[in-house]
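Dropping final_21.cif in here (mmCIF, C-alpha atoms and all ligand atoms):
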```cif
data_target
loop_
_atom_site.label_atom_id
_atom_site.label_comp_id
_atom_site.auth_asym_id
_atom_site.auth_seq_id
_atom_site.Cartn_x
_atom_site.Cartn_y
_atom_site.Cartn_z
CA MET A 1 63.81 -27.26 -0.59
CA LEU A 2 64.31 -23.63 0.44
CA ASN A 3 61.39 -21.40 -0.17
CA PHE A 4 60.46 -18.28 1.80
CA ALA A 5 57.64 -17.49 -0.63
CA TYR A 6 54.46 -17.41 1.46
CA MET A 7 55.21 -14.73 3.96
CA ARG A 8 53.17 -13.85 6.98
CA PHE A 9 55.11 -11.92 9.60
CA LYS A 10 55.82 -15.17 11.42
CA ASP A 11 57.61 -16.53 8.32
CA ILE A 12 59.97 -13.58 8.10
CA VAL A 13 63.43 -14.41 9.40
CA GLY A 14 64.25 -12.41 12.55
CA GLN A 15 63.26 -8.68 12.58
CA ARG A 16 60.85 -9.22 15.51
CA ASP A 17 61.17 -5.69 16.96
CA LEU A 18 60.49 -4.06 13.61
CA ILE A 19 57.49 -6.32 12.95
CA ASN A 20 55.97 -5.54 16.35
CA HIS A 21 56.51 -1.86 15.75
CA LEU A 22 54.74 -2.09 12.37
CA THR A 23 51.71 -4.05 13.60
CA GLU A 24 51.33 -1.60 16.47
CA ILE A 25 51.18 1.31 14.03
CA ILE A 26 48.63 -0.46 11.82
CA ASP A 27 46.46 -1.38 14.82
CA SER A 28 46.53 2.24 15.98
CA GLY A 29 45.21 3.33 12.57
CA HIS A 30 48.04 5.79 11.90
CA VAL A 31 49.17 4.28 8.65
CA SER A 32 51.36 6.45 6.49
CA HIS A 33 50.39 6.33 2.83
CA ALA A 34 53.82 6.50 1.28
CA GLN A 35 56.46 4.34 2.90
CA LEU A 36 60.01 3.41 2.02
CA PHE A 37 61.17 -0.08 3.05
CA LEU A 38 64.93 0.36 3.00
CA GLY A 39 67.32 -2.59 3.26
CA GLU A 40 68.96 -5.33 1.23
CA ASN A 41 66.42 -7.74 -0.19
CA GLY A 42 68.26 -10.54 1.61
CA TYR A 43 67.45 -8.81 4.91
CA GLY A 44 63.77 -9.20 4.03
CA SER A 45 62.72 -5.74 2.81
CA MET A 46 60.31 -7.09 0.14
CA ALA A 47 59.01 -9.84 2.42
CA MET A 48 58.37 -7.18 5.07
CA ALA A 49 56.49 -4.87 2.70
CA VAL A 50 54.22 -7.66 1.43
CA ALA A 51 53.58 -9.07 4.91
CA TYR A 52 52.78 -5.52 6.02
CA ALA A 53 50.21 -5.10 3.24
CA GLN A 54 48.73 -8.51 4.01
CA TYR A 55 48.34 -7.67 7.70
CA LEU A 56 46.74 -4.37 6.80
CA ASN A 57 44.15 -6.18 4.67
CA CYS A 58 43.63 -9.24 6.84
CA GLN A 59 39.99 -9.61 7.91
CA ASN A 60 40.86 -11.51 11.05
CA ARG A 61 44.10 -10.12 12.50
CA GLN A 62 45.53 -12.35 15.19
CA HIS A 63 46.73 -10.88 18.48
CA TYR A 64 48.90 -12.84 20.84
CA ALA A 65 49.39 -12.80 24.59
CA ALA A 66 51.89 -10.41 26.11
CA GLY A 67 55.39 -11.87 26.09
CA ALA A 68 54.89 -13.73 22.82
CA GLU A 69 57.57 -13.24 20.19
CA LEU A 70 55.10 -11.47 17.89
CA ARG A 71 52.34 -9.29 19.28
CA ALA A 72 50.16 -9.83 16.18
CA ASP A 73 50.03 -11.33 12.69
CA SER A 74 47.67 -11.80 9.76
CA CYS A 75 45.48 -14.93 9.95
CA GLY A 76 46.60 -16.62 6.73
CA GLU A 77 43.06 -18.02 6.30
CA CYS A 78 40.71 -15.20 5.30
CA PRO A 79 40.02 -14.55 1.59
CA ASN A 80 42.34 -11.52 1.55
CA CYS A 81 45.21 -13.46 3.15
CA LYS A 82 44.78 -16.37 0.77
CA LYS A 83 44.98 -14.10 -2.25
CA TYR A 84 47.90 -12.18 -0.77
CA GLN A 85 49.81 -15.38 -0.23
CA GLN A 86 49.52 -16.09 -3.93
CA LEU A 87 50.38 -12.43 -4.68
CA SER A 88 47.13 -12.42 -6.66
CA HIS A 89 44.94 -10.00 -4.68
CA SER A 90 43.20 -7.61 -7.07
CA ASP A 91 44.10 -4.65 -4.82
CA LEU A 92 47.79 -5.54 -4.69
CA HIS A 93 49.73 -3.98 -7.56
CA LEU A 94 53.36 -4.89 -8.12
CA PHE A 95 55.86 -2.81 -10.08
CA PHE A 96 59.49 -3.74 -10.66
CA PRO A 97 62.42 -3.21 -13.06
CA THR A 98 62.16 -4.75 -16.52
CA ASN A 99 63.81 -4.50 -19.91
CA THR A 100 63.38 -6.04 -23.34
CA ASN A 101 63.97 -9.76 -23.75
CA LYS A 102 63.13 -12.52 -26.25
CA SER A 103 59.36 -12.09 -25.88
CA VAL A 104 59.05 -8.37 -25.07
CA LYS A 105 60.78 -6.59 -27.93
CA LYS A 106 60.08 -2.96 -27.02
CA ASP A 107 58.61 -0.60 -24.40
CA PRO A 108 58.82 -3.06 -21.48
CA THR A 109 56.46 -2.48 -18.54
CA SER A 110 55.76 -4.32 -15.29
CA ASP A 111 52.35 -5.28 -16.63
CA GLN A 112 53.93 -7.26 -19.47
CA PHE A 113 55.97 -9.25 -16.96
CA ALA A 114 53.28 -9.56 -14.28
CA THR A 115 52.87 -13.34 -14.57
CA GLU A 116 56.62 -13.98 -14.62
CA PHE A 117 57.17 -11.77 -11.60
CA ARG A 118 54.54 -13.55 -9.56
CA GLU A 119 55.96 -16.93 -10.52
CA PHE A 120 59.46 -15.70 -9.73
CA MET A 121 58.50 -14.51 -6.25
CA LEU A 122 56.60 -17.72 -5.50
CA GLU A 123 59.34 -19.94 -6.89
CA LYS A 124 62.51 -18.20 -5.69
CA GLY A 125 61.03 -16.59 -2.60
CA GLN A 126 60.77 -12.96 -1.61
CA TYR A 127 64.42 -12.79 -0.53
CA ALA A 128 65.59 -13.30 -4.12
CA SER A 129 67.90 -10.74 -5.69
CA LEU A 130 67.54 -8.34 -8.58
CA ASP A 131 70.18 -10.29 -10.54
CA GLN A 132 68.17 -13.48 -10.08
CA TRP A 133 65.15 -11.66 -11.47
CA TYR A 134 67.09 -10.43 -14.50
CA ASP A 135 68.31 -13.98 -15.13
CA TYR A 136 64.77 -15.30 -14.70
CA ILE A 137 63.40 -13.16 -17.52
CA GLY A 138 66.53 -13.52 -19.64
CA LEU A 139 67.84 -9.94 -19.76
CA ASP A 140 71.34 -11.30 -20.45
CA ASN A 141 73.69 -8.46 -19.56
CA LYS A 142 71.13 -5.68 -19.71
CA GLN A 143 70.08 -3.78 -16.61
CA GLY A 144 66.41 -3.35 -15.83
CA PHE A 145 64.61 -0.09 -15.12
CA ILE A 146 61.20 1.17 -14.09
CA SER A 147 59.91 3.09 -17.07
CA LYS A 148 57.92 6.27 -17.49
CA ASP A 149 54.98 4.12 -18.63
CA ASP A 150 55.23 2.25 -15.34
CA ALA A 151 55.32 5.50 -13.37
CA ARG A 152 52.17 6.67 -15.19
CA GLU A 153 50.52 3.34 -14.52
CA ILE A 154 51.40 3.63 -10.83
CA VAL A 155 49.74 7.03 -10.69
CA ARG A 156 46.66 5.73 -12.54
CA THR A 157 46.43 2.71 -10.22
CA LEU A 158 46.62 4.89 -7.15
CA GLY A 159 43.69 6.94 -8.43
CA LEU A 160 41.38 3.91 -8.81
CA LYS A 161 38.95 2.81 -6.12
CA PRO A 162 39.77 -0.52 -4.48
CA TYR A 163 37.93 -3.49 -6.06
CA GLU A 164 37.36 -5.29 -2.82
CA GLN A 165 36.83 -4.00 0.68
CA ALA A 166 40.45 -3.45 1.28
CA TYR A 167 43.32 -1.05 1.19
CA LYS A 168 44.73 -0.80 -2.26
CA VAL A 169 48.49 -1.32 -2.12
CA VAL A 170 51.09 -0.48 -4.73
CA VAL A 171 54.45 -2.15 -4.07
CA VAL A 172 57.38 -0.89 -6.13
CA TRP A 173 60.22 -3.42 -5.83
CA MET A 174 63.69 -1.91 -6.24
CA ALA A 175 62.19 1.55 -6.63
CA GLU A 176 65.67 3.07 -7.00
CA GLN A 177 65.57 1.69 -10.55
CA ILE A 178 62.96 4.28 -11.45
CA ASP A 179 64.39 6.17 -14.35
CA ALA A 180 64.73 9.44 -12.42
CA LYS A 181 64.94 11.76 -15.39
CA VAL A 182 61.81 10.59 -17.17
CA ALA A 183 59.70 9.02 -14.43
CA GLY A 184 60.77 10.71 -11.21
CA GLY A 185 58.63 13.77 -11.82
CA VAL A 186 55.49 11.71 -12.40
CA LEU A 187 56.03 9.80 -9.19
CA LEU A 188 56.77 12.93 -7.19
CA LYS A 189 53.55 14.53 -8.28
CA MET A 190 51.71 11.43 -7.15
CA LEU A 191 53.35 11.46 -3.72
CA GLU A 192 51.98 14.95 -3.20
CA GLU A 193 48.37 13.91 -3.77
CA PRO A 194 46.24 12.66 -0.87
CA LEU A 195 45.89 8.93 -1.37
CA GLY A 196 42.71 7.94 0.52
CA SER A 197 42.65 4.24 1.28
CA THR A 198 45.60 3.66 -0.99
CA LEU A 199 49.20 2.94 0.01
CA ILE A 200 52.42 3.04 -1.92
CA LEU A 201 55.29 0.99 -0.52
CA LEU A 202 58.68 1.59 -2.12
CA VAL A 203 61.14 -1.26 -1.54
CA VAL A 204 64.65 0.09 -1.89
CA GLU A 205 68.15 -1.38 -1.44
CA ASN A 206 70.17 1.67 -2.28
CA ARG A 207 68.80 4.98 -1.04
CA GLU A 208 71.58 7.01 -2.65
CA ARG A 209 70.15 6.19 -6.04
CA LEU A 210 66.69 7.46 -5.16
CA LEU A 211 65.78 11.11 -5.67
CA SER A 212 66.07 12.97 -2.37
CA THR A 213 62.74 14.58 -3.08
CA ILE A 214 61.09 11.16 -3.18
CA LEU A 215 62.88 10.22 0.03
CA SER A 216 61.61 13.26 1.84
CA ARG A 217 57.99 12.50 0.93
CA THR A 218 57.96 8.98 2.33
CA GLN A 219 58.07 7.48 5.78
CA LEU A 220 61.21 5.42 6.29
CA VAL A 221 61.00 1.81 7.46
CA ARG A 222 64.57 0.65 7.92
CA VAL A 223 65.01 -3.11 7.49
CA GLY A 224 68.38 -3.97 9.02
CA LYS A 225 70.53 -7.11 9.03
CA ILE A 226 68.99 -10.34 10.31
CA ASP A 227 70.48 -11.33 13.66
CA ASN A 228 72.73 -14.41 13.53
CA LYS A 229 70.62 -16.51 15.85
CA SER A 230 67.45 -16.12 13.76
CA LEU A 231 69.42 -16.71 10.58
CA GLN A 232 70.92 -19.92 11.94
CA GLN A 233 67.54 -21.19 13.17
CA ALA A 234 65.91 -20.49 9.80
CA LEU A 235 68.65 -22.32 7.89
CA GLU A 236 68.53 -25.30 10.23
CA ARG A 237 64.74 -25.45 10.03
CA GLU A 238 64.86 -25.43 6.24
CA THR A 239 67.69 -27.91 5.76
CA GLY A 240 67.02 -30.12 8.78
CA GLN A 241 70.75 -30.06 9.48
CA PRO A 242 73.10 -28.21 11.83
CA VAL A 243 74.58 -25.11 10.19
CA PRO A 244 78.07 -23.95 11.28
CA ALA A 245 78.10 -20.67 13.20
CA ASP A 246 80.95 -19.23 11.11
CA LEU A 247 78.92 -19.79 7.92
CA VAL A 248 76.11 -17.78 9.50
CA ALA A 249 78.50 -15.04 10.64
CA ALA A 250 80.04 -14.81 7.15
CA SER A 251 76.55 -14.16 5.72
CA GLU A 252 76.32 -10.71 7.33
CA GLY A 253 72.65 -10.83 8.20
CA ASN A 254 71.56 -11.57 4.63
CA LEU A 255 69.43 -14.68 4.06
CA LEU A 256 70.25 -14.88 0.37
CA THR A 257 73.99 -14.77 1.06
CA ALA A 258 73.51 -17.43 3.71
CA LEU A 259 71.65 -19.68 1.25
CA ASN A 260 74.44 -19.21 -1.31
CA ASN A 261 77.05 -20.03 1.32
CA LEU A 262 75.12 -23.18 2.17
CA THR A 263 75.04 -24.32 -1.45
CA GLN A 264 78.74 -23.64 -1.79
CA SER A 265 79.45 -25.44 1.43
CA GLY A 266 77.68 -28.49 -0.05
CA GLU A 267 80.09 -28.38 -2.99
CA GLN A 268 83.02 -27.86 -0.64
CA LYS A 269 81.95 -30.86 1.40
CA HIS A 270 82.02 -32.95 -1.75
CA MET A 271 85.53 -31.71 -2.60
CA GLY A 272 86.51 -32.47 0.98
CA GLU A 273 85.48 -36.10 0.52
CA ILE A 274 87.54 -36.36 -2.66
CA PHE A 275 90.52 -34.81 -0.86
CA VAL A 276 90.34 -37.27 2.03
CA ASP A 277 90.08 -40.28 -0.30
CA TRP A 278 93.07 -39.02 -2.25
CA MET A 279 95.24 -38.51 0.83
CA ARG A 280 94.37 -42.02 2.07
CA MET A 281 95.46 -43.49 -1.29
CA LEU A 282 98.75 -41.62 -1.02
CA PHE A 283 99.46 -42.87 2.48
CA LYS A 284 98.68 -46.45 1.49
CA LEU A 285 100.37 -46.01 -1.90
CA ASN A 286 97.45 -47.83 -3.46
CA MET A 287 98.42 -47.50 -7.13
CA ALA A 288 95.33 -49.14 -8.61
CA GLN A 289 93.01 -46.76 -6.76
CA LEU A 290 95.26 -43.80 -7.46
CA SER A 291 95.28 -44.40 -11.18
CA GLU A 292 91.45 -44.61 -11.18
CA TRP A 293 91.32 -41.39 -9.20
CA VAL A 294 93.69 -39.65 -11.62
CA ASP A 295 91.50 -40.75 -14.55
CA SER A 296 88.37 -39.36 -12.92
CA MET A 297 90.06 -36.03 -12.13
CA ALA A 298 91.39 -35.75 -15.69
CA LYS A 299 87.81 -36.03 -17.00
CA GLN A 300 86.63 -32.94 -15.08
CA THR A 301 86.45 -29.50 -16.64
CA ARG A 302 89.36 -27.14 -16.12
CA GLU A 303 87.26 -24.97 -13.80
CA GLN A 304 86.41 -28.01 -11.67
CA GLN A 305 90.04 -29.10 -11.58
CA LYS A 306 91.15 -25.63 -10.56
CA SER A 307 88.59 -25.29 -7.80
CA PHE A 308 89.50 -28.71 -6.42
CA LEU A 309 93.21 -27.85 -6.43
CA GLN A 310 92.50 -24.52 -4.76
CA TYR A 311 90.41 -26.36 -2.18
CA ALA A 312 93.25 -28.83 -1.53
CA LEU A 313 95.74 -25.97 -1.21
CA ASP A 314 93.46 -24.20 1.31
CA ALA A 315 92.98 -27.46 3.21
CA VAL A 316 96.70 -28.08 3.54
CA ARG A 317 97.36 -24.48 4.57
CA ALA A 318 94.57 -24.70 7.18
CA CYS A 319 96.11 -27.91 8.56
CA TYR A 320 99.44 -26.15 8.87
CA LEU A 321 97.83 -23.26 10.75
CA LYS A 322 96.09 -25.77 12.99
CA THR A 323 99.34 -27.51 13.99
CA SER A 324 101.54 -24.41 14.07
CA ALA A 325 99.17 -21.81 15.52
CA GLY A 326 96.24 -23.82 16.91
CA LEU A 327 93.73 -22.19 14.53
CA GLU A 328 90.50 -24.12 14.03
CA LEU A 329 89.38 -25.16 10.53
CA SER A 330 86.70 -22.86 9.03
CA TYR A 331 83.29 -24.10 7.88
CA LYS A 332 84.62 -24.08 4.34
CA LEU A 333 87.11 -26.80 5.18
CA GLN A 334 85.23 -29.53 6.97
CA PHE A 335 86.94 -32.22 4.93
CA GLY A 336 87.53 -35.24 7.11
CA ASP A 337 86.20 -36.54 10.38
CA GLU A 338 87.94 -35.33 13.51
CA LYS A 339 90.25 -38.34 13.63
CA PHE A 340 91.45 -37.91 10.06
CA ASN A 341 91.96 -34.15 10.44
CA ALA A 342 93.89 -34.52 13.69
CA SER A 343 96.24 -37.15 12.33
CA PHE A 344 96.59 -35.59 8.86
CA SER A 345 97.43 -32.20 10.39
CA THR A 346 100.51 -33.67 12.06
CA PHE A 347 101.91 -34.46 8.59
CA VAL A 348 101.92 -30.79 7.57
CA THR A 349 104.83 -28.99 9.25
CA ASN A 350 107.50 -26.33 8.80
CA ASN A 351 109.55 -28.92 6.93
CA ASN A 352 107.14 -29.43 4.08
CA ILE A 353 104.49 -26.68 3.97
CA GLU A 354 106.35 -24.72 1.31
CA LEU A 355 106.89 -27.82 -0.83
CA LEU A 356 103.22 -28.71 -0.59
CA MET A 357 101.95 -25.25 -1.44
CA LYS A 358 104.34 -24.97 -4.36
CA ALA A 359 103.18 -28.34 -5.72
CA PHE A 360 99.53 -27.17 -5.69
CA ASP A 361 100.38 -23.74 -7.11
CA ASP A 362 102.30 -25.35 -9.96
CA ALA A 363 99.42 -27.72 -10.67
CA ILE A 364 96.90 -24.85 -10.77
CA LEU A 365 99.13 -23.03 -13.21
CA ALA A 366 99.50 -26.15 -15.35
CA VAL A 367 95.71 -26.56 -15.50
CA SER A 368 95.39 -22.96 -16.67
CA ARG A 369 97.93 -23.69 -19.37
CA ASN A 370 95.88 -26.67 -20.44
CA GLY A 371 98.36 -29.31 -19.35
CA ASN A 372 97.57 -33.00 -19.77
CA GLY A 373 95.23 -33.84 -16.87
CA LYS A 374 96.41 -37.41 -16.35
CA ILE A 375 100.10 -36.54 -16.21
CA LEU A 376 99.43 -33.50 -14.11
CA PHE A 377 97.42 -35.25 -11.38
CA MET A 378 99.77 -38.25 -11.33
CA GLU A 379 102.86 -36.06 -10.95
CA LEU A 380 101.12 -33.97 -8.33
CA SER A 381 100.23 -37.12 -6.40
CA PHE A 382 103.89 -38.18 -6.31
CA SER A 383 105.09 -34.69 -5.28
CA ILE A 384 102.56 -34.55 -2.45
CA SER A 385 103.36 -38.06 -1.29
CA LYS A 386 107.09 -37.24 -1.24
CA ALA A 387 106.54 -33.94 0.59
CA LEU A 388 104.32 -35.54 3.25
CA LYS A 389 107.15 -37.96 4.09
CA LYS A 390 109.44 -35.02 4.90
CA ARG A 391 107.38 -33.88 7.89
ZN ZN B 1 43.63 -12.87 7.13
#
```

Please rewrite the model in this file as structure tokens.
Amino acid sequence: MLNFAYMRFKDIVGQRDLINHLTEIIDSGHVSHAQLFLGENGYGSMAMAVAYAQYLNCQNRQHYAAGAELRADSCGECPNCKKYQQLSHSDLHLFFPTNTNKSVKKDPTSDQFATEFREFMLEKGQYASLDQWYDYIGLDNKQGFISKDDAREIVRTLGLKPYEQAYKVVVVWMAEQIDAKVAGGVLLKMLEEPLGSTLILLVVENRERLLSTILSRTQLVRVGKIDNKSLQQALERETGQPVPADLVAASEGNLLTALNNLTQSGEQKHMGEIFVDWMRMLFKLNMAQLSEWVDSMAKQTREQQKSFLQYALDAVRACYLKTSAGLELSYKLQFGDEKFNASFSTFVTNNNIELLMKAFDDAILAVSRNGNGKILFMELSFSISKALKKR
């Protein structure tokens, strides 16, 4: 459902001021040949670099009326744009960290992973993380790096004439993974050469890890956090559902974090439904239903049991804070409808909060010790039911 793979400037989340600044520079013709796009990938640093290169090469740049959100964008229709959107333009060269895996046994280079990288970016979107990439190519616990062979290939590529009537663009994703000792020197030498109609765009998350000499030879494009409003709009557009403001705020301007929070919040919602059903059974003392429920919980993995119990503990604590201190429930704990939450909260008071929390804590411990699931959830149900009566 969520994509963010085909990026014109308009598809980038937020960052409007930066985009307008960049298109203005390109339109004025003062393009710097070595640029450093600095910012977490979840802020859109890679998406920005690629959209930048696409705009530069677009044969029919669009300009919009004054007051529009974007002053300009690539057309998305010309042959260059079409190829850029598939990351398959013959004058776009992508370099990125790699390592050996099941199919590449030694001397890994970007070229050997070119197809996988393109598929990865189109499938996972340009906001995807380095860890996702490593998982995608099955590096297991190994870290990737940009090799000396890659650095040489970058230099060679930069020296070639463009195939088509276009700027040739070299994008180095996560350039701080360049093996500084062996490859840094090669790259430095290249940054000193005049580059003609060729650009090198370094996409970097962590500038401390990049050689200061490389830093000083590039023009810095700082890609900052995405503003909350744009982030919220993008998530709502993609999911077709309202997204809680505190989920957006907890994502700290990072689209990838926001997407992860959304996935988790889906799981939490499911646990919330189980929690509400359970509490209703306890209030009604419906033994037939309860015993079915206990059976289904006992069948879950220990990790699932633990995360449900932790969820229930958090839910009860949040209810207590709601009644005692008037604190609202966070997006992570949207378990019941308003009516259920309001009435359930009145059952959690000073008289039983400690009993309730201890019951959940004990149950979590028992799961860790591999206690019998059926007995454990049945006993817990009785403890909770008893404690709720003491409000
Ligand atoms: Zn175009």

Given 10 Å and only C-alpha atoms and all ligand atoms, residues near ligand ZN 1 (chain B) as an MDAnalysis selection string: chainID A and resid 8 54:62 73:85

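Distances here use only C-alpha atoms; by that measure, the residue among A:Arg152, A:Ser368, A:Thr346, A:Asn141 closest to Thr323 (chain A) is A:Thr346.
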
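Using all atoms listed in the file, the shortest contact distance between Leu130 (chain A) and any of A:Glu205, A:Glu236, A:Asp337, A:Asp149 is found at A:Glu205.
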
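Each of A:Asp131, A:Asp91, A:Glu119, A:Asp107 was compared to Leu160 (chain A) using all atoms listed in the file, and A:Asp91 turns out to be the nearest.
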
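Comparing the minimum interatomic distances between Met121 (chain A) and each of A:Lys386, A:Leu380, A:Leu87, A:Asp277, counting only C-alpha atoms, we find that A:Leu87 sits nearest.
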
All residues 8 Å or closer to region 355-361 of chain A, all atoms listed in the file, same chain fewer than 6 positions away omitted, as a PyMOL selection string: chain A and resi 309-310+312-313+316-317+380+383-384+387-388

Contacts of Gln35 (chain A) within 6 Å, all atoms listed in the file, excl. fewer than 5 positions in-chain, as a PDB file with C-alpha atoms, in the frame of the given file:
```pdb
ATOM      1  CA  LEU A 201      55.290   0.990  -0.520  1.00  0.00           C
ATOM      2  CA  THR A 218      57.960   8.980   2.330  1.00  0.00           C
ATOM      3  CA  GLN A 219      58.070   7.480   5.780  1.00  0.00           C
ATOM      4  CA  LEU A 220      61.210   5.420   6.290  1.00  0.00           C
TER       5      LEU A 220
END
```

Exercise: region 208-215 of chain A partners within 12 Å, all atoms listed in the file, chain neighbours under 3 positions left out, as a count of residues only: 33

Contact residues around Gln289 (chain A) with only C-alpha atoms at 12 Å, ignoring same-chain residues under 6 positions, as a PyMOL selection string: chain A and resi 277-283+295-296+378

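Considering only C-alpha atoms, the residue among A:Ser129, A:Ser32, A:Ser345, A:Asn350 positioned nearest to Met46 (chain A) is A:Ser129.
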
Could you give me the axis-aligned bounding box of region 111-122 of chain A, with 4 Å of padding per side, as centre plus edge lengths in Å to one decimal, as AutoDock Vina command-line options?
```
--center_x 55.9 --center_y -11.5 --center_z -12.5 --size_x 15.1 --size_y 20.4 --size_z 22.0
```

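Distances to Ala166 (chain A) were evaluated for A:Ala363, A:Leu92, A:Ala298, A:Leu329 using all atoms listed in the file, and the minimum falls at A:Leu92.
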
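CA of Phe96 (chain A) sits 13.7 Å away from CA of Ala49 (chain A).
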
Two-atom distance - CA of Ala234 (chain A), CA of Val13 (chain A) (Å): 6.6 Å

Within 12 Å of Glu338 (chain A) using only C-alpha atoms, minus same-chain residues under 4 positions, as a PyMOL selection string: chain A and resi 276+328-329+333-334+342-345

Contact table region 65-177 of chain A vs region 18-21 of chain A, cut-off 8 Å, shortest pair per residue, all atoms listed in the file, as a Markdown table:
```
| residue | atom | partner | partner_atom | distance |
| --- | --- | --- | --- | --- |
| A:Leu70 | CA | A:Asn20 | CA | 6.2 |
| A:Arg71 | CA | A:Asn20 | CA | 6.0 |
| A:Ala72 | CA | A:Asn20 | CA | 7.2 |
```

Write out the residues from the selection above, keeping C-alpha atoms, as a PDB file, in the coordinates of the input.
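Output file out_32.pdb follows:
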```pdb
ATOM      1  CA  LEU A  70      55.100 -11.470  17.890  1.00  0.00           C
ATOM      2  CA  ARG A  71      52.340  -9.290  19.280  1.00  0.00           C
ATOM      3  CA  ALA A  72      50.160  -9.830  16.180  1.00  0.00           C
TER       4      ALA A  72
END
```

Distance of CA of Phe120 (chain A) from CA of Pro242 (chain A), expressed in Å to one decimal place: 28.4 Å

Put region 198-212 of chain A into a file with N, CA and C atoms, as a PDB file, in the first residue's frame.
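What landed in out_6.pdb:
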```
ATOM      1  N   THR A 198      28.928  16.669 -15.747  1.00  0.00           N
ATOM      2  CA  THR A 198      28.740  15.524 -14.869  1.00  0.00           C
ATOM      3  C   THR A 198      28.589  15.985 -13.427  1.00  0.00           C
ATOM      4  N   LEU A 199      27.669  15.339 -12.701  1.00  0.00           N
ATOM      5  CA  LEU A 199      27.425  15.686 -11.300  1.00  0.00           C
ATOM      6  C   LEU A 199      27.653  14.479 -10.410  1.00  0.00           C
ATOM      7  N   ILE A 200      28.184  14.725  -9.239  1.00  0.00           N
ATOM      8  CA  ILE A 200      28.204  13.660  -8.241  1.00  0.00           C
ATOM      9  C   ILE A 200      27.411  14.134  -7.022  1.00  0.00           C
ATOM     10  N   LEU A 201      26.409  13.336  -6.650  1.00  0.00           N
ATOM     11  CA  LEU A 201      25.571  13.662  -5.505  1.00  0.00           C
ATOM     12  C   LEU A 201      25.810  12.618  -4.420  1.00  0.00           C
ATOM     13  N   LEU A 202      26.387  13.051  -3.313  1.00  0.00           N
ATOM     14  CA  LEU A 202      26.629  12.134  -2.191  1.00  0.00           C
ATOM     15  C   LEU A 202      25.446  12.235  -1.236  1.00  0.00           C
ATOM     16  N   VAL A 203      24.797  11.114  -0.960  1.00  0.00           N
ATOM     17  CA  VAL A 203      23.686  11.097  -0.013  1.00  0.00           C
ATOM     18  C   VAL A 203      24.215  10.526   1.300  1.00  0.00           C
ATOM     19  N   VAL A 204      24.134  11.332   2.352  1.00  0.00           N
ATOM     20  CA  VAL A 204      24.833  10.996   3.590  1.00  0.00           C
ATOM     21  C   VAL A 204      23.913  11.188   4.792  1.00  0.00           C
ATOM     22  N   GLU A 205      23.890  10.205   5.706  1.00  0.00           N
ATOM     23  CA  GLU A 205      23.113  10.349   6.936  1.00  0.00           C
ATOM     24  C   GLU A 205      23.976  10.877   8.068  1.00  0.00           C
ATOM     25  N   ASN A 206      25.226  10.468   8.068  1.00  0.00           N
ATOM     26  CA  ASN A 206      26.091  10.736   9.200  1.00  0.00           C
ATOM     27  C   ASN A 206      27.374  11.421   8.734  1.00  0.00           C
ATOM     28  N   ARG A 207      27.404  12.747   8.848  1.00  0.00           N
ATOM     29  CA  ARG A 207      28.540  13.476   8.276  1.00  0.00           C
ATOM     30  C   ARG A 207      29.824  13.244   9.055  1.00  0.00           C
ATOM     31  N   GLU A 208      29.702  12.866  10.332  1.00  0.00           N
ATOM     32  CA  GLU A 208      30.917  12.638  11.128  1.00  0.00           C
ATOM     33  C   GLU A 208      31.759  11.511  10.549  1.00  0.00           C
ATOM     34  N   ARG A 209      31.086  10.575   9.879  1.00  0.00           N
ATOM     35  CA  ARG A 209      31.817   9.425   9.373  1.00  0.00           C
ATOM     36  C   ARG A 209      32.460   9.693   8.020  1.00  0.00           C
ATOM     37  N   LEU A 210      32.188  10.853   7.451  1.00  0.00           N
ATOM     38  CA  LEU A 210      32.745  11.166   6.142  1.00  0.00           C
ATOM     39  C   LEU A 210      34.028  11.967   6.324  1.00  0.00           C
ATOM     40  N   LEU A 211      35.021  11.711   5.483  1.00  0.00           N
ATOM     41  CA  LEU A 211      36.277  12.453   5.578  1.00  0.00           C
ATOM     42  C   LEU A 211      36.018  13.950   5.450  1.00  0.00           C
ATOM     43  N   SER A 212      36.652  14.727   6.336  1.00  0.00           N
ATOM     44  CA  SER A 212      36.410  16.172   6.301  1.00  0.00           C
ATOM     45  C   SER A 212      36.883  16.780   4.992  1.00  0.00           C
TER      46      SER A 212
END
```
